Every structure is written in structure tokens, then in C-alpha cells.
Amino acid sequence: MKSKINIGVVGLGRMGLEYARFFNSRIAGARLVAVSDIRKEIAEASAAELGGVKAYTDYRELVADPFVEAVVVMTPTKLHREVVITAAGARKAIFCEKPISLGLNDAMAMKAAVDSSGAFFQLGFMRRFDPGYATAKKKILEGAIGTPCVFKSSSRDKARPSLEYLRPENSGGLFIDMGIHDFDLARWFFGEVKSVHSVGGVLAYPEMRDIGDPDNSLTNMTFADGRIGMVSLSRNGVFGYSIQTEIVGTEGTLIIGREQETPLLVMTKDTIAHDTVPGFYERFEASYVIQLQDFVDNVIHGRVPPITCDDGIAAQKIALAATTSWKEGKVVGL
């Protein structure tokens with residue numbers, strides 16, 4: 001059995017470069033050997049920073065590199081399909097960031113390529129590896145709150161990303177780009193979703209009206225076994241980055257998340273205050289590392305991936321149904 005696996009990272013945006021850094025110094029059993037980005041100056045500068053690893057501007061050259069054993073896909077979502085299919089054809093182990101794709105046709109093509117090649121494939125839903133969410137899952141399995149009855153989850157950005165990013169043809173839209181995590185958690189905790197009903201609107205950022213996507217939404221869910229849930233999404237959290245999940249059971253409730261970054265309360269006359277979580281990286285940095293360590297360990301030890309193409313497709317179906325429900329103003333079944 002190998003003690004290390006050679007990693008190539010495709011896509012060096014903010015998180016792609018952070019993942020490369022993690023593989024270079026924080027993930028046991030990983031050896032970063034190559035990076036790729038269509039921007040030559042970014043690829044070469046990143047390679048130099050990371051200790052002289054190989055730099056490519058064409059991901060196909062990275063995939064074809066005989067020293068690369070695992071390909072980590074960090075490109076924009078609309079490019080996931082071509083990179084994953086190429087890597088699967090080369091029988092390289094694959095880690096792909098969420099969401100799996102923007103459309104079901106692309107996702108199904110990716111699944112077909114992975115299945116036919118037998119390549120290892122793990123999808124990145126890092127919240128499952130967050131200590132809070134992982135402990136909540138354990139508590140539920142131990143019966144700590146009896147039978148879970150209601151799932152409630154909210155995701156709020158401090159402020160909206162750029163309009164170019166927010167365009168559904170680039171990000172997938174609010175329900176896919178932001179809601180995909182909450183919909184995956186819903187399945188992870190409660191099982192399959194039977195139907196959704198979404199409402200939403202452009203309520204905080206008038207400039208978003210021209211791109212055809214809401215900045216705030218609510219999605220009610222009915223699960224296959226009759227239990228219920230709700231997902232709230234917002235581009236204007238204002239006070240800070242806020243991720244919260246509440247699971248109500250027959251014998252208790254679990255609340256996952258935090259609004260406070262620094263363990264400090266400032267107590268003055270008539271006021272008690274604390275700071276807030278600045279952004280997703282600060283909230284989930286440890287989760288990203290745990291997730292990538294799990295990927296490397298799974299590849300080295302020949303384990304079954306915990307999050308597969310099927311999980312990505314299932315969460316995507318919920319997100320697409322939620323989008324359709326918002327657009328058409330009706331309950332949509334899955």
C-alpha cells in the first residue's frame with residue numbers, strides 16, 4: 001500500500017490555491033506535484049510559491065502527466081464536466097468541488113464516465129466534515145433527540161458577490177450556488193425529498209433584477225417519509241457570514257452553527273456585544289482540511305468515497321426543483 005499519493009490541482013482561484021496549499025503542507029499522505037490554470041502567470045506564480053511543482057495552462061496536460069495520480073477539480077462549476085470526464089478516462093482518482101455541475105445532463109455524463117472507468121470520485125460537501133455537523137449526525141444516530149421531525153437550515157452571505165458571478169449561467173443561481181449545501185444536509189440528516197415549494201424575490205439588491213435570480217428565498221420541503229423541512233437563503237446577511245441548522249426531534253433539538261468569531265464579549269452600559277464570522281473560509285477552514293484528508297486517506301486505503309456523484313445529483317435535483325418552484329410559483333415534485 002502506498003504511503004503518499006501525488007496530487008494535481010486544476011483551477012487556481014481563491015479556493016483552488018488554498019487547496020493546493022493544504023495539500024502541500026497540511027494533508028498527511030498527499031504530495032502536491034502539479035497545478036493548472038488557464039492564466040499562465042497565475043499557474044507559474046502558484047507553482048513557484050508551492051515549491052516548484054509543475055505548472056500547466058492546459059488541464060489535459062496535467063491529467064496526462066504520469067506522476068499525477070489524483071486530480072482535484074477546482075474550476076468554475078460550468079467546467080467540471082470536461083475536467084472530470086478527462087480525468088476519469090485517464091483513471092485518475094478525482095476530487096470535485098461542489099456543486100457537481102450546473103445542469104443534470106452534465107452531471108449524468110460525469111457519473112457515466114466515472115462509472116464506466118471505475119475511477120475513484122469524491123464530491124466536496126465540506127459541511128458534512130464540520131465538527132458541529134459531524135457531531136450532530138452522531139448525536140442523532142445515538143438517539144440523543146429521539147426521532148428527528150423538522151429540518152431547518154439557513155445560509156446568509158454578508159454581502160452579495162459580483163453580478164457577473166451571480167448570473168445563473170455562471171453560478172447556477174441562488175438555489176444551486178448557495179442552497180446546494182443545505183439541500184445536501186437535508187438529505188444527509190433526513191433522507192430523500194419528495195417535493196419543494198419556493199418563494200423568493202429581489203428584495204435587497206435592485207441591480208439583481210436584470211440577471212433573473214432572487215437575492216432572498218424560502219424553500220419548504222416535504223421528505224419521502226412525511227417529515228418536513230425549510231431552507232432559507234440570503235445574499236444580504238449584513239452583520240456577518242451566517243450558517244445555521246436546527247434539527248427538532250421528539251426528545252430534543254440540535255442547533256448547529258455560530259455567529260461569534262472571537263471568544264470575547266464586550267460588556268458596557270446597557271450593551272453586550274461580540275464580533276461576527278467574517279466569511280466562509282473563516283467558518284469552514286478546518287472542515288476543508290478534514291475533507292481533503294478524508295479524500296487522501298480513502299484513495300490510499302482503497303475505501304469507498306463517502307460522497308458520490310449520486311449525492312451530487314440528488315442535491316442538484318432538489319436545487320433545480322426549488323428554482324423551478326420559485327419561477328413557476330407552485331409545488332414541484334421530485
# chains A, B, ... in the order shown; residues from 1 in each chain; ligands from 1

$ select_by_dssp --residues "stretch 226-284 of chain A" --states "strand (DSSP E)" --output "list of chain:residue names"
A:Ile228, A:Gly229, A:Met230, A:Val231, A:Ser232, A:Leu233, A:Ser234, A:Ser242, A:Ile243, A:Gln244, A:Thr245, A:Glu246, A:Ile247, A:Val248, A:Gly249, A:Thr253, A:Leu254, A:Ile255, A:Ile256, A:Gly257, A:Val266, A:Met267, A:Thr268, A:Thr271, A:Ile272, A:Ala273

$ write_last_selection --atoms "N, CA, C and O atoms" --output "mmCIF file, in the first residue's frame"
data_model
loop_
_atom_site.group_PDB
_atom_site.id
_atom_site.type_symbol
_atom_site.label_atom_id
_atom_site.label_comp_id
_atom_site.auth_asym_id
_atom_site.auth_seq_id
_atom_site.Cartn_x
_atom_site.Cartn_y
_atom_site.Cartn_z
ATOM 1 N N ILE A 228 -40.832 17.160 7.548
ATOM 2 C CA ILE A 228 -40.837 18.441 6.855
ATOM 3 C C ILE A 228 -39.537 19.206 7.123
ATOM 4 O O ILE A 228 -38.815 18.940 8.084
ATOM 5 N N GLY A 229 -39.272 20.197 6.243
ATOM 6 C CA GLY A 229 -38.082 21.000 6.396
ATOM 7 C C GLY A 229 -38.220 22.333 5.696
ATOM 8 O O GLY A 229 -39.167 22.578 4.937
ATOM 9 N N MET A 230 -37.265 23.222 5.979
ATOM 10 C CA MET A 230 -37.264 24.542 5.372
ATOM 11 C C MET A 230 -35.823 25.025 5.220
ATOM 12 O O MET A 230 -35.006 24.842 6.119
ATOM 13 N N VAL A 231 -35.537 25.647 4.066
ATOM 14 C CA VAL A 231 -34.228 26.230 3.808
ATOM 15 C C VAL A 231 -34.405 27.701 3.479
ATOM 16 O O VAL A 231 -35.199 28.064 2.597
ATOM 17 N N SER A 232 -33.667 28.551 4.194
ATOM 18 C CA SER A 232 -33.697 29.992 3.979
ATOM 19 C C SER A 232 -32.350 30.433 3.415
ATOM 20 O O SER A 232 -31.294 30.100 3.979
ATOM 21 N N LEU A 233 -32.375 31.167 2.314
ATOM 22 C CA LEU A 233 -31.150 31.630 1.660
ATOM 23 C C LEU A 233 -31.179 33.143 1.516
ATOM 24 O O LEU A 233 -32.216 33.716 1.180
ATOM 25 N N SER A 234 -30.029 33.788 1.761
ATOM 26 C CA SER A 234 -29.983 35.245 1.666
ATOM 27 C C SER A 234 -28.604 35.703 1.212
ATOM 28 O O SER A 234 -27.585 35.225 1.705
ATOM 29 N N SER A 242 -23.345 33.791 8.014
ATOM 30 C CA SER A 242 -24.161 33.055 8.985
ATOM 31 C C SER A 242 -24.671 31.751 8.397
ATOM 32 O O SER A 242 -25.405 31.750 7.404
ATOM 33 N N ILE A 243 -24.257 30.647 9.001
ATOM 34 C CA ILE A 243 -24.721 29.314 8.619
ATOM 35 C C ILE A 243 -25.312 28.669 9.860
ATOM 36 O O ILE A 243 -24.624 28.479 10.860
ATOM 37 N N GLN A 244 -26.601 28.329 9.802
ATOM 38 C CA GLN A 244 -27.281 27.748 10.957
ATOM 39 C C GLN A 244 -28.164 26.589 10.512
ATOM 40 O O GLN A 244 -28.814 26.657 9.464
ATOM 41 N N THR A 245 -28.187 25.529 11.298
ATOM 42 C CA THR A 245 -29.107 24.419 11.057
ATOM 43 C C THR A 245 -29.726 23.995 12.376
ATOM 44 O O THR A 245 -29.020 23.860 13.376
ATOM 45 N N GLU A 246 -31.028 23.815 12.361
ATOM 46 C CA GLU A 246 -31.764 23.363 13.545
ATOM 47 C C GLU A 246 -32.483 22.062 13.210
ATOM 48 O O GLU A 246 -33.147 21.961 12.165
ATOM 49 N N ILE A 247 -32.325 21.063 14.058
ATOM 50 C CA ILE A 247 -32.997 19.786 13.867
ATOM 51 C C ILE A 247 -33.846 19.511 15.105
ATOM 52 O O ILE A 247 -33.314 19.350 16.212
ATOM 53 N N VAL A 248 -35.147 19.508 14.906
ATOM 54 C CA VAL A 248 -36.094 19.325 16.006
ATOM 55 C C VAL A 248 -36.492 17.860 16.079
ATOM 56 O O VAL A 248 -36.947 17.283 15.083
ATOM 57 N N GLY A 249 -36.309 17.255 17.248
ATOM 58 C CA GLY A 249 -36.656 15.857 17.442
ATOM 59 C C GLY A 249 -37.772 15.679 18.459
ATOM 60 O O GLY A 249 -38.239 16.641 19.076
ATOM 61 N N THR A 253 -33.696 19.095 20.660
ATOM 62 C CA THR A 253 -33.358 19.863 19.460
ATOM 63 C C THR A 253 -31.854 20.068 19.393
ATOM 64 O O THR A 253 -31.197 20.276 20.417
ATOM 65 N N LEU A 254 -31.313 20.017 18.187
ATOM 66 C CA LEU A 254 -29.916 20.328 17.938
ATOM 67 C C LEU A 254 -29.843 21.621 17.136
ATOM 68 O O LEU A 254 -30.587 21.795 16.165
ATOM 69 N N ILE A 255 -28.964 22.529 17.531
ATOM 70 C CA ILE A 255 -28.721 23.753 16.774
ATOM 71 C C ILE A 255 -27.235 23.797 16.435
ATOM 72 O O ILE A 255 -26.390 23.782 17.325
ATOM 73 N N ILE A 256 -26.935 23.835 15.144
ATOM 74 C CA ILE A 256 -25.565 23.785 14.651
ATOM 75 C C ILE A 256 -25.216 25.145 14.058
ATOM 76 O O ILE A 256 -25.983 25.694 13.259
ATOM 77 N N GLY A 257 -24.049 25.669 14.429
ATOM 78 C CA GLY A 257 -23.606 26.937 13.866
ATOM 79 C C GLY A 257 -23.207 27.906 14.951
ATOM 80 O O GLY A 257 -23.404 27.663 16.141
ATOM 81 N N VAL A 266 -17.904 41.969 24.820
ATOM 82 C CA VAL A 266 -17.627 43.327 25.272
ATOM 83 C C VAL A 266 -18.870 43.815 26.003
ATOM 84 O O VAL A 266 -19.920 44.030 25.390
ATOM 85 N N MET A 267 -18.755 43.985 27.301
ATOM 86 C CA MET A 267 -19.905 44.312 28.145
ATOM 87 C C MET A 267 -19.752 45.736 28.668
ATOM 88 O O MET A 267 -18.872 46.035 29.477
ATOM 89 N N THR A 268 -20.590 46.629 28.171
ATOM 90 C CA THR A 268 -20.597 48.016 28.591
ATOM 91 C C THR A 268 -22.007 48.387 29.022
ATOM 92 O O THR A 268 -22.922 47.549 28.975
ATOM 93 N N THR A 271 -25.223 47.333 27.107
ATOM 94 C CA THR A 271 -24.868 46.627 25.870
ATOM 95 C C THR A 271 -23.925 45.452 26.158
ATOM 96 O O THR A 271 -22.977 45.600 26.922
ATOM 97 N N ILE A 272 -24.218 44.324 25.535
ATOM 98 C CA ILE A 272 -23.294 43.199 25.486
ATOM 99 C C ILE A 272 -23.111 42.863 24.012
ATOM 100 O O ILE A 272 -24.083 42.611 23.300
ATOM 101 N N ALA A 273 -21.870 42.867 23.539
ATOM 102 C CA ALA A 273 -21.626 42.693 22.105
ATOM 103 C C ALA A 273 -20.480 41.722 21.855
ATOM 104 O O ALA A 273 -19.637 41.493 22.721
#

$ residues_around --residues "stretch 294-297 of chain A" --least-positions-apart "4" --cutoff "12 Å" --atoms "only C-alpha atoms" --output "MDAnalysis selection string"
chainID A and resid 1:7 22:23 26:32 69:72 93:97 120:126 128:129 287:290 301:308

$ select_by_dssp --residues "stretch 18-242 of chain A" --states "helix (DSSP H, G or I)" --output "PyMOL selection string"
chain A and resi 18-25+40-49+59-64+77-89+104-117+126-129+131-141+163-166+168-171+174-177+179-190+206-211

$ residues_around --residues "stretch 162-164 of chain A" --least-positions-apart "4" --cutoff "8 Å" --atoms "only C-alpha atoms" --output "list in words"
Asn170, Met208 and Ile211 of chain A

$ write_last_selection --atoms "N, CA, C and O atoms" --output "compact mmCIF listing (two decimals), in the first residue's frame"
# COMPACT_ATOMS: atom_id res chain seq x y z
N ASN A 170 -23.51 31.36 -14.84
CA ASN A 170 -22.18 31.20 -14.27
C ASN A 170 -22.18 30.45 -12.94
O ASN A 170 -21.36 29.55 -12.73
N MET A 208 -29.95 43.33 -9.13
CA MET A 208 -30.03 41.92 -9.50
C MET A 208 -31.26 41.58 -10.34
O MET A 208 -31.36 40.47 -10.86
N ILE A 211 -30.68 40.04 -13.82
CA ILE A 211 -29.99 38.77 -14.05
C ILE A 211 -30.91 37.57 -13.85
O ILE A 211 -30.51 36.43 -14.11

$ residues_around --residues "A:Leu264" --least-positions-apart "4" --cutoff "10 Å" --atoms "only C-alpha atoms" --output "ChimeraX atom specification"
/A:260,273-275

$ residues_around --residues "stretch 140-145 of chain A" --least-positions-apart "3" --cutoff "7 Å" --atoms "only C-alpha atoms" --output "list in words"
Ala136, Lys137, Pro148, Gly249, Thr250, Glu251, Gly252 and Thr253 of chain A

$ atom_distance --atom1 "atom CA of A:Gly212" --atom2 "atom CA of A:Arg127"
28.0 Å

$ residues_around --residues "stretch 174-183 of chain A" --least-positions-apart "5" --cutoff "8 Å" --atoms "only C-alpha atoms" --output "list of chain:residue names"
A:Pro99, A:Leu102, A:Phe125, A:Arg127, A:Ser153, A:Ser154, A:Ser155, A:Leu166, A:Pro168, A:Asp213, A:Pro214, A:Asp215, A:Val231, A:Leu233, A:Ala315, A:Gln316, A:Ile318, A:Ala319, A:Leu320, A:Ala322, A:Thr323

$ write_last_selection --atoms "C-alpha atoms" --output "compact mmCIF listing (two decimals), in the first residue's frame"
# COMPACT_ATOMS: atom_id res chain seq x y z
CA PRO A 99 -21.90 21.63 -6.96
CA LEU A 102 -24.89 23.41 -13.38
CA PHE A 125 -19.61 18.90 0.54
CA ARG A 127 -20.18 20.84 5.85
CA SER A 153 -31.37 25.44 7.69
CA SER A 154 -30.26 28.92 6.69
CA SER A 155 -27.31 30.28 4.72
CA LEU A 166 -24.37 35.78 -9.66
CA PRO A 168 -27.30 31.79 -13.19
CA ASP A 213 -32.26 35.38 -9.83
CA PRO A 214 -33.52 36.22 -6.32
CA ASP A 215 -31.37 37.57 -3.51
CA VAL A 231 -34.23 26.23 3.81
CA LEU A 233 -31.15 31.63 1.66
CA ALA A 315 -28.84 17.59 -4.16
CA GLN A 316 -28.82 19.19 -7.60
CA ILE A 318 -33.62 19.43 -5.19
CA ALA A 319 -31.94 22.75 -6.07
CA LEU A 320 -33.29 22.66 -9.63
CA ALA A 322 -36.57 24.70 -5.89
CA THR A 323 -35.55 27.02 -8.75

$ atom_distance --atom1 "atom CA of A:Asp225" --atom2 "atom CA of A:Ser325"
20.9 Å

$ closest_atom_pairs --of "stretch 132-205 of chain A" --to "stretch 74-83 of chain A" --cutoff "9 Å" --atoms "only C-alpha atoms" --output "CSV"
residue,atom,partner,partner_atom,distance
A:Glu169,CA,A:Lys78,CA,8.2
A:Asn170,CA,A:Lys78,CA,6.8
A:Ser171,CA,A:Thr77,CA,7.1
A:Gly172,CA,A:Thr77,CA,8.3

$ closest_residue --among "A:Val35, A:Leu185, A:Val150, A:Ile300" --to "A:Asp130" --atoms "only C-alpha atoms"
A:Leu185
